[in-house]
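Trainee: Enclosed is the structure file protein12.pdb (PDB, C-alpha atoms, pLDDT in the B column).
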```
ATOM      1  CA  MET A 801     148.161  49.885 169.230  1.00 62.00           C
ATOM      2  CA  GLU A 802     150.159  53.090 169.769  1.00 70.00           C
ATOM      3  CA  LEU A 803     151.145  53.760 173.386  1.00 73.00           C
ATOM      4  CA  PHE A 804     149.054  56.477 175.112  1.00 75.00           C
ATOM      5  CA  SER A 805     146.912  57.025 172.020  1.00 81.00           C
ATOM      6  CA  ALA A 806     143.157  57.584 172.326  1.00 83.00           C
ATOM      7  CA  ALA A 807     142.552  53.932 171.422  1.00 81.00           C
ATOM      8  CA  TRP A 808     145.093  52.843 174.062  1.00 83.00           C
ATOM      9  CA  TRP A 809     143.402  54.877 176.809  1.00 85.00           C
ATOM     10  CA  SER A 810     139.977  53.662 175.688  1.00 85.00           C
ATOM     11  CA  ALA A 811     141.120  50.035 175.909  1.00 83.00           C
ATOM     12  CA  LEU A 812     142.678  50.681 179.338  1.00 83.00           C
ATOM     13  CA  MET A 813     139.419  52.169 180.670  1.00 85.00           C
ATOM     14  CA  ALA A 814     137.528  49.127 179.364  1.00 82.00           C
ATOM     15  CA  ILE A 815     140.006  46.797 181.083  1.00 80.00           C
ATOM     16  CA  ILE A 816     139.673  48.629 184.411  1.00 79.00           C
ATOM     17  CA  LEU A 817     135.880  48.464 184.251  1.00 77.00           C
ATOM     18  CA  ILE A 818     135.999  44.772 183.312  1.00 74.00           C
ATOM     19  CA  ASP A 819     138.298  44.146 186.273  1.00 72.00           C
ATOM     20  CA  LEU A 820     135.903  45.944 188.618  1.00 70.00           C
ATOM     21  CA  VAL A 821     132.681  44.245 187.567  1.00 68.00           C
ATOM     22  CA  LEU A 822     134.187  40.744 187.418  1.00 65.00           C
ATOM     23  CA  ALA A 823     136.181  40.966 190.656  1.00 63.00           C
ATOM     24  CA  GLY A 824     133.329  40.688 193.166  1.00 58.00           C
ATOM     25  CA  ASP A 825     132.689  36.937 193.208  1.00 55.00           C
ATOM     26  CA  ASN A 826     136.387  36.108 193.018  1.00 59.00           C
ATOM     27  CA  ALA A 827     137.210  38.409 195.924  1.00 60.00           C
ATOM     28  CA  ILE A 828     134.391  37.047 198.092  1.00 54.00           C
ATOM     29  CA  VAL A 829     135.390  33.410 197.569  1.00 54.00           C
ATOM     30  CA  ILE A 830     139.062  34.179 198.227  1.00 59.00           C
ATOM     31  CA  ALA A 831     138.189  36.070 201.414  1.00 57.00           C
ATOM     32  CA  LEU A 832     136.021  33.192 202.653  1.00 54.00           C
ATOM     33  CA  ALA A 833     138.684  30.607 201.856  1.00 59.00           C
ATOM     34  CA  ALA A 834     140.971  31.687 204.712  1.00 59.00           C
ATOM     35  CA  ARG A 835     138.378  32.896 207.194  1.00 60.00           C
ATOM     36  CA  SER A 836     139.236  30.234 209.791  1.00 61.00           C
ATOM     37  CA  LEU A 837     142.889  31.286 210.078  1.00 70.00           C
ATOM     38  CA  PRO A 838     144.164  33.580 212.849  1.00 76.00           C
ATOM     39  CA  PRO A 839     144.295  37.255 211.714  1.00 72.00           C
ATOM     40  CA  GLN A 840     148.089  37.330 211.322  1.00 74.00           C
ATOM     41  CA  LEU A 841     148.031  34.189 209.169  1.00 76.00           C
ATOM     42  CA  GLN A 842     145.084  35.483 207.118  1.00 70.00           C
ATOM     43  CA  LYS A 843     147.120  38.508 206.042  1.00 72.00           C
ATOM     44  CA  LYS A 844     150.186  36.382 205.303  1.00 77.00           C
ATOM     45  CA  ALA A 845     148.161  33.854 203.311  1.00 72.00           C
ATOM     46  CA  ILE A 846     146.499  36.577 201.244  1.00 67.00           C
ATOM     47  CA  ILE A 847     149.833  38.285 200.478  1.00 71.00           C
ATOM     48  CA  TRP A 848     151.627  35.091 199.416  1.00 77.00           C
ATOM     49  CA  GLY A 849     148.490  33.791 197.758  1.00 70.00           C
ATOM     50  CA  THR A 850     148.469  36.990 195.727  1.00 67.00           C
ATOM     51  CA  VAL A 851     152.018  36.300 194.527  1.00 74.00           C
ATOM     52  CA  GLY A 852     150.962  32.847 193.359  1.00 76.00           C
ATOM     53  CA  ALA A 853     147.773  34.229 191.801  1.00 70.00           C
ATOM     54  CA  ILE A 854     149.778  36.800 189.826  1.00 72.00           C
ATOM     55  CA  GLY A 855     151.957  34.050 188.373  1.00 77.00           C
ATOM     56  CA  VAL A 856     149.030  31.805 187.475  1.00 77.00           C
ATOM     57  CA  ARG A 857     147.004  34.636 185.967  1.00 73.00           C
ATOM     58  CA  ALA A 858     150.029  35.888 183.978  1.00 75.00           C
ATOM     59  CA  VAL A 859     150.427  32.461 182.358  1.00 81.00           C
ATOM     60  CA  MET A 860     146.677  32.250 181.680  1.00 78.00           C
ATOM     61  CA  THR A 861     146.510  35.748 180.184  1.00 73.00           C
ATOM     62  CA  VAL A 862     149.521  35.292 177.902  1.00 75.00           C
ATOM     63  CA  GLY A 863     148.155  31.896 176.895  1.00 79.00           C
ATOM     64  CA  VAL A 864     144.757  33.366 176.012  1.00 76.00           C
ATOM     65  CA  VAL A 865     146.342  36.208 174.009  1.00 73.00           C
ATOM     66  CA  TRP A 866     148.383  33.652 172.077  1.00 77.00           C
ATOM     67  CA  LEU A 867     145.417  31.332 171.535  1.00 73.00           C
ATOM     68  CA  LEU A 868     143.252  34.179 170.224  1.00 71.00           C
ATOM     69  CA  GLN A 869     145.709  34.468 167.308  1.00 74.00           C
ATOM     70  CA  VAL A 870     144.673  30.972 166.131  1.00 79.00           C
ATOM     71  CA  PRO A 871     142.099  31.179 163.309  1.00 82.00           C
ATOM     72  CA  GLY A 872     138.569  30.699 164.605  1.00 84.00           C
ATOM     73  CA  LEU A 873     139.369  31.152 168.291  1.00 77.00           C
ATOM     74  CA  MET A 874     138.699  34.896 168.199  1.00 78.00           C
ATOM     75  CA  LEU A 875     135.127  34.005 167.240  1.00 86.00           C
ATOM     76  CA  VAL A 876     134.881  31.321 169.935  1.00 83.00           C
ATOM     77  CA  GLY A 877     136.352  33.682 172.538  1.00 79.00           C
ATOM     78  CA  GLY A 878     133.932  36.433 171.540  1.00 84.00           C
ATOM     79  CA  LEU A 879     130.933  34.121 171.847  1.00 88.00           C
ATOM     80  CA  GLY A 880     132.223  32.937 175.212  1.00 83.00           C
ATOM     81  CA  LEU A 881     132.526  36.519 176.397  1.00 80.00           C
ATOM     82  CA  VAL A 882     128.941  37.204 175.293  1.00 88.00           C
ATOM     83  CA  TRP A 883     127.822  34.396 177.611  1.00 86.00           C
ATOM     84  CA  ILE A 884     129.945  35.782 180.467  1.00 77.00           C
ATOM     85  CA  ALA A 885     128.407  39.244 179.997  1.00 81.00           C
ATOM     86  CA  TYR A 886     124.915  37.742 180.039  1.00 87.00           C
ATOM     87  CA  LYS A 887     125.631  35.683 183.169  1.00 81.00           C
ATOM     88  CA  LEU A 888     126.991  38.779 184.901  1.00 73.00           C
ATOM     89  CA  LEU A 889     123.484  40.267 184.707  1.00 81.00           C
ATOM     90  CA  ALA A 890     121.468  37.040 184.978  1.00 81.00           C
ATOM     91  CA  ASP A 891     123.228  35.944 188.181  1.00 67.00           C
ATOM     92  CA  GLN A 892     122.572  39.142 190.139  1.00 62.00           C
ATOM     93  CA  GLY A 893     121.146  38.442 193.533  1.00 51.00           C
ATOM     94  CA  GLY A 894     122.164  34.801 193.393  1.00 50.00           C
ATOM     95  CA  GLY A 895     122.623  32.487 196.331  1.00 46.00           C
ATOM     96  CA  GLU A 896     125.362  32.158 198.898  1.00 44.00           C
ATOM     97  CA  HIS A 897     128.965  31.743 197.809  1.00 47.00           C
ATOM     98  CA  ASP A 898     130.409  28.357 198.630  1.00 49.00           C
ATOM     99  CA  ALA A 899     134.124  28.165 199.250  1.00 49.00           C
ATOM    100  CA  PRO A 900     136.421  25.640 200.870  1.00 51.00           C
ATOM    101  CA  VAL A 901     137.578  26.732 204.320  1.00 51.00           C
ATOM    102  CA  ALA A 902     141.292  26.355 204.958  1.00 56.00           C
ATOM    103  CA  ASN A 903     142.638  25.660 208.440  1.00 62.00           C
ATOM    104  CA  THR A 904     146.360  25.997 207.676  1.00 74.00           C
ATOM    105  CA  PHE A 905     148.480  28.693 206.066  1.00 74.00           C
ATOM    106  CA  TRP A 906     149.506  26.511 203.109  1.00 78.00           C
ATOM    107  CA  GLY A 907     145.961  25.266 202.678  1.00 74.00           C
ATOM    108  CA  ALA A 908     144.650  28.844 202.532  1.00 70.00           C
ATOM    109  CA  MET A 909     147.348  29.931 200.088  1.00 71.00           C
ATOM    110  CA  LYS A 910     146.635  26.954 197.826  1.00 72.00           C
ATOM    111  CA  THR A 911     142.915  27.725 197.958  1.00 68.00           C
ATOM    112  CA  ILE A 912     143.499  31.368 197.000  1.00 68.00           C
ATOM    113  CA  VAL A 913     145.696  30.454 194.028  1.00 72.00           C
ATOM    114  CA  VAL A 914     143.375  27.682 192.794  1.00 70.00           C
ATOM    115  CA  ALA A 915     140.253  29.835 193.267  1.00 64.00           C
ATOM    116  CA  ASP A 916     141.811  32.698 191.310  1.00 65.00           C
ATOM    117  CA  ALA A 917     142.874  30.340 188.512  1.00 66.00           C
ATOM    118  CA  LEU A 918     139.454  28.691 188.229  1.00 59.00           C
ATOM    119  CA  MET A 919     137.334  31.814 188.663  1.00 58.00           C
ATOM    120  CA  GLY A 920     139.612  34.217 186.776  1.00 63.00           C
ATOM    121  CA  VAL A 921     138.915  32.769 183.319  1.00 64.00           C
ATOM    122  CA  ASP A 922     136.200  35.351 182.648  1.00 64.00           C
ATOM    123  CA  ASN A 923     138.502  38.194 183.690  1.00 68.00           C
ATOM    124  CA  VAL A 924     141.433  36.896 181.649  1.00 75.00           C
ATOM    125  CA  LEU A 925     139.273  36.501 178.543  1.00 73.00           C
ATOM    126  CA  GLY A 926     137.765  39.975 178.979  1.00 74.00           C
ATOM    127  CA  VAL A 927     141.137  41.673 179.472  1.00 75.00           C
ATOM    128  CA  ALA A 928     142.723  39.797 176.556  1.00 75.00           C
ATOM    129  CA  GLY A 929     139.846  40.759 174.278  1.00 76.00           C
ATOM    130  CA  ALA A 930     139.869  44.427 175.311  1.00 78.00           C
ATOM    131  CA  ALA A 931     143.661  44.662 174.915  1.00 78.00           C
ATOM    132  CA  HIS A 932     143.521  43.586 171.223  1.00 73.00           C
ATOM    133  CA  GLY A 933     146.881  41.839 171.529  1.00 68.00           C
ATOM    134  CA  ALA A 934     148.699  44.820 173.102  1.00 76.00           C
ATOM    135  CA  PHE A 935     150.910  43.145 175.709  1.00 76.00           C
ATOM    136  CA  ASP A 936     151.509  46.377 177.629  1.00 80.00           C
ATOM    137  CA  LEU A 937     147.740  46.593 178.217  1.00 82.00           C
ATOM    138  CA  VAL A 938     147.600  42.893 179.079  1.00 76.00           C
ATOM    139  CA  ILE A 939     150.275  43.417 181.747  1.00 79.00           C
ATOM    140  CA  ILE A 940     148.553  46.529 183.132  1.00 81.00           C
ATOM    141  CA  GLY A 941     145.225  44.695 183.219  1.00 76.00           C
ATOM    142  CA  LEU A 942     146.883  41.816 185.062  1.00 73.00           C
ATOM    143  CA  LEU A 943     148.462  44.139 187.628  1.00 76.00           C
ATOM    144  CA  ILE A 944     145.149  45.923 188.176  1.00 75.00           C
ATOM    145  CA  SER A 945     142.999  42.796 188.456  1.00 70.00           C
ATOM    146  CA  VAL A 946     144.909  40.918 191.144  1.00 69.00           C
ATOM    147  CA  PRO A 947     144.803  43.578 193.907  1.00 72.00           C
ATOM    148  CA  ILE A 948     141.147  44.246 193.107  1.00 70.00           C
ATOM    149  CA  VAL A 949     140.316  40.562 193.461  1.00 65.00           C
ATOM    150  CA  VAL A 950     142.424  39.848 196.536  1.00 64.00           C
ATOM    151  CA  PHE A 951     142.200  43.096 198.495  1.00 65.00           C
ATOM    152  CA  GLY A 952     139.239  44.956 197.032  1.00 62.00           C
ATOM    153  CA  SER A 953     136.196  42.796 197.822  1.00 53.00           C
ATOM    154  CA  SER A 954     134.617  45.286 200.222  1.00 55.00           C
ATOM    155  CA  VAL A 955     135.319  48.243 197.925  1.00 63.00           C
ATOM    156  CA  VAL A 956     133.899  46.471 194.884  1.00 58.00           C
ATOM    157  CA  LEU A 957     130.784  45.391 196.766  1.00 54.00           C
ATOM    158  CA  LYS A 958     130.180  48.879 198.183  1.00 65.00           C
ATOM    159  CA  LEU A 959     130.593  50.443 194.740  1.00 69.00           C
ATOM    160  CA  VAL A 960     128.165  47.987 193.177  1.00 65.00           C
ATOM    161  CA  GLU A 961     125.656  48.414 196.033  1.00 66.00           C
ATOM    162  CA  ARG A 962     125.831  52.194 195.811  1.00 79.00           C
ATOM    163  CA  PHE A 963     125.911  52.374 192.018  1.00 79.00           C
ATOM    164  CA  PRO A 964     124.047  49.318 190.617  1.00 75.00           C
ATOM    165  CA  ALA A 965     124.415  50.753 187.114  1.00 79.00           C
ATOM    166  CA  ILE A 966     128.084  49.680 187.231  1.00 75.00           C
ATOM    167  CA  ILE A 967     126.932  46.101 186.586  1.00 77.00           C
ATOM    168  CA  GLN A 968     124.914  47.110 183.512  1.00 84.00           C
ATOM    169  CA  ILE A 969     127.731  49.323 182.212  1.00 83.00           C
ATOM    170  CA  GLY A 970     130.271  46.575 182.790  1.00 76.00           C
ATOM    171  CA  ALA A 971     128.106  43.998 181.023  1.00 83.00           C
ATOM    172  CA  ALA A 972     127.701  46.380 178.079  1.00 87.00           C
ATOM    173  CA  VAL A 973     131.482  46.884 177.907  1.00 81.00           C
ATOM    174  CA  LEU A 974     132.014  43.121 177.962  1.00 79.00           C
ATOM    175  CA  ALA A 975     129.392  42.665 175.242  1.00 87.00           C
ATOM    176  CA  LEU A 976     131.023  45.342 173.089  1.00 87.00           C
ATOM    177  CA  THR A 977     134.443  43.744 173.651  1.00 82.00           C
ATOM    178  CA  ALA A 978     132.969  40.390 172.618  1.00 85.00           C
ATOM    179  CA  ALA A 979     131.467  41.933 169.478  1.00 89.00           C
ATOM    180  CA  LYS A 980     134.842  43.467 168.570  1.00 85.00           C
ATOM    181  CA  MET A 981     136.502  40.071 168.980  1.00 82.00           C
ATOM    182  CA  ILE A 982     133.933  38.516 166.645  1.00 89.00           C
ATOM    183  CA  VAL A 983     134.303  41.322 164.095  1.00 90.00           C
ATOM    184  CA  ASN A 984     138.115  41.007 164.207  1.00 83.00           C
ATOM    185  CA  GLU A 985     138.041  37.262 163.540  1.00 84.00           C
ATOM    186  CA  PRO A 986     140.220  36.778 160.412  1.00 83.00           C
ATOM    187  CA  MET A 987     137.922  34.037 159.106  1.00 88.00           C
ATOM    188  CA  LEU A 988     135.108  36.629 158.878  1.00 90.00           C
ATOM    189  CA  ASP A 989     137.111  39.318 157.066  1.00 88.00           C
ATOM    190  CA  SER A 990     134.968  38.975 153.949  1.00 90.00           C
ATOM    191  CA  LEU A 991     131.911  39.943 156.022  1.00 89.00           C
ATOM    192  CA  PHE A 992     133.297  42.678 158.281  1.00 90.00           C
ATOM    193  CA  ASP A 993     136.566  43.969 156.793  1.00 86.00           C
ATOM    194  CA  GLY A 994     136.225  46.755 154.268  1.00 81.00           C
ATOM    195  CA  PRO A 995     134.907  50.280 153.826  1.00 83.00           C
ATOM    196  CA  ALA A 996     131.898  49.193 151.761  1.00 88.00           C
ATOM    197  CA  LEU A 997     128.449  49.922 153.155  1.00 91.00           C
ATOM    198  CA  PRO A 998     127.522  46.243 153.717  1.00 89.00           C
ATOM    199  CA  ASN A 999     130.753  45.695 155.695  1.00 90.00           C
ATOM    200  CA  THR A1000     130.173  48.804 157.809  1.00 92.00           C
ATOM    201  CA  ALA A1001     126.544  47.847 158.419  1.00 94.00           C
ATOM    202  CA  ALA A1002     127.605  44.323 159.437  1.00 93.00           C
ATOM    203  CA  ARG A1003     130.184  45.660 161.903  1.00 93.00           C
ATOM    204  CA  TRP A1004     127.894  48.191 163.582  1.00 95.00           C
ATOM    205  CA  GLY A1005     124.965  45.792 163.470  1.00 95.00           C
ATOM    206  CA  THR A1006     127.043  43.209 165.338  1.00 95.00           C
ATOM    207  CA  TYR A1007     128.070  45.779 167.978  1.00 95.00           C
ATOM    208  CA  ILE A1008     124.514  47.022 168.533  1.00 96.00           C
ATOM    209  CA  VAL A1009     122.763  43.654 168.448  1.00 96.00           C
ATOM    210  CA  THR A1010     125.285  42.046 170.821  1.00 95.00           C
ATOM    211  CA  VAL A1011     125.047  44.812 173.434  1.00 94.00           C
ATOM    212  CA  ILE A1012     121.241  44.995 173.267  1.00 96.00           C
ATOM    213  CA  ALA A1013     120.879  41.193 173.377  1.00 95.00           C
ATOM    214  CA  VAL A1014     123.057  40.950 176.500  1.00 92.00           C
ATOM    215  CA  LEU A1015     121.319  43.811 178.336  1.00 93.00           C
ATOM    216  CA  VAL A1016     117.792  42.735 177.415  1.00 94.00           C
ATOM    217  CA  GLY A1017     118.501  39.040 178.005  1.00 92.00           C
ATOM    218  CA  GLY A1018     120.143  39.728 181.360  1.00 89.00           C
ATOM    219  CA  HIS A1019     117.293  42.005 182.443  1.00 87.00           C
ATOM    220  CA  TRP A1020     114.707  39.395 181.435  1.00 91.00           C
ATOM    221  CA  ALA A1021     116.579  36.618 183.289  1.00 87.00           C
ATOM    222  CA  THR A1022     116.851  38.780 186.430  1.00 82.00           C
ATOM    223  CA  ARG A1023     113.128  39.612 186.388  1.00 84.00           C
ATOM    224  CA  ARG A1024     112.220  35.972 185.830  1.00 84.00           C
ATOM    225  CA  ALA A1025     114.435  34.875 188.750  1.00 76.00           C
ATOM    226  CA  ALA A1026     112.888  37.530 191.001  1.00 73.00           C
ATOM    227  CA  ALA A1027     109.299  36.684 190.071  1.00 71.00           C
ATOM    228  CA  PRO A1028     107.339  34.685 192.680  1.00 68.00           C
ATOM    229  CA  THR A1029     106.906  31.014 191.777  1.00 57.00           C
TER     230      THR A1029
END
```
Write out the structure in this file as structure tokens.
Mentor:
Amino acid sequence: MELFSAAWWSALMAIILIDLVLAGDNAIVIALAARSLPPQLQKKAIIWGTVGAIGVRAVMTVGVVWLLQVPGLMLVGGLGLVWIAYKLLADQGGGEHDAPVANTFWGAMKTIVVADALMGVDNVLGVAGAAHGAFDLVIIGLLISVPIVVFGSSVVLKLVERFPAIIQIGAAVLALTAAKMIVNEPMLDSLFDGPALPNTAARWGTYIVTVIAVLVGGHWATRRAAAPT
């Protein structure tokens, strides 16, 4: 992907939006993890925890980008991202966040790093898919995601509370990213790759059906969860 081209900027915007919509839960859990520490140690734990989180997420992201080059895994990753996009909508208004409470600086830092590694899989997969193998975008997405997760919990929550449509837009972007991963799976080239009308119809049909299925399915799951029993 050519640097600073229209496709590059489009992928970067998708990565930023993915980072925003997936950062909320991670940021909340990380903030809760060190809540029992004195204020000066909370700040120190978050800063050094961020350094560790950057390292862990860098390894995860590069690993995912490499794995997505293996035949068949682009399809698996795309299907996994469809599920993540659906859960993003279906889990709205869920219950309380449970997080381990750390009472020491090293305990809090370990919790932050482990929480980011365990909960950042969805973010890593989304960024890797949106970047289409462009490592400059992967690095930018990594640099953007960590401060949002660690420092931006209140900002993310306020944005989502003020503009609920961000969740729907973000889920649609994730769904479209997932569809692109599926379409770009080398094993499915005979179905999607080519200028012929059936290939074009298959590509656009996959994009449209995936996005609509995620939005409609997520909306239905949210309404069902909110309905009185």
Trainee: Can you give me, as a ChimeraX atom specification, the residues this file yields under the PyMOL selection byres ((chain A and resi 871-888) around 7)?
Mentor: /A:867-870,889-892,922,926,971,974-975,978-979,981-982,985-987,1014,1017-1018
Trainee: Please, what distance in Å, to one decimal, runs between CA of Trp848 (chain A) and CA of Asp936 (chain A)?
Mentor: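 Distance between the two atoms: 24.5 Å.
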Trainee: Go through A:Gly1005, A:Gly863, A:Gly855, A:Gly970 and flag the residue nearest Phe992 (chain A), using only C-alpha atoms for the distances.
Mentor: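 Answer, going by the shortest atom-to-atom distance: A:Gly1005.
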Trainee: For a test of reading the model, state the distance in Å between CA of Ala931 (chain A) and CA of Leu820 (chain A), rounded to one decimal.
Mentor: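 Distance reported for this atom pair: 15.8 Å.
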Trainee: Exactly which residues make up the result of the PyMOL selection byres ((chain A and resi 943) around 12) on this file, given as an NGL selection string?
Mentor: :A and (815-816 or 819 or 850-851 or 853-855 or 857-858 or 861 or 924 or 927 or 936-942 or 944-950)
Trainee: Quote the spacing between CA of Ser810 (chain A) and CA of Leu976 (chain A) in Å to one decimal place.
Mentor: 12.5 Å
Trainee: Written as a PyMOL selection string, what is the full residue list that the PyMOL selection byres ((chain A and resi 991) around 12) yields on the file shown?
Mentor: chain A and resi 982-990+992-1006
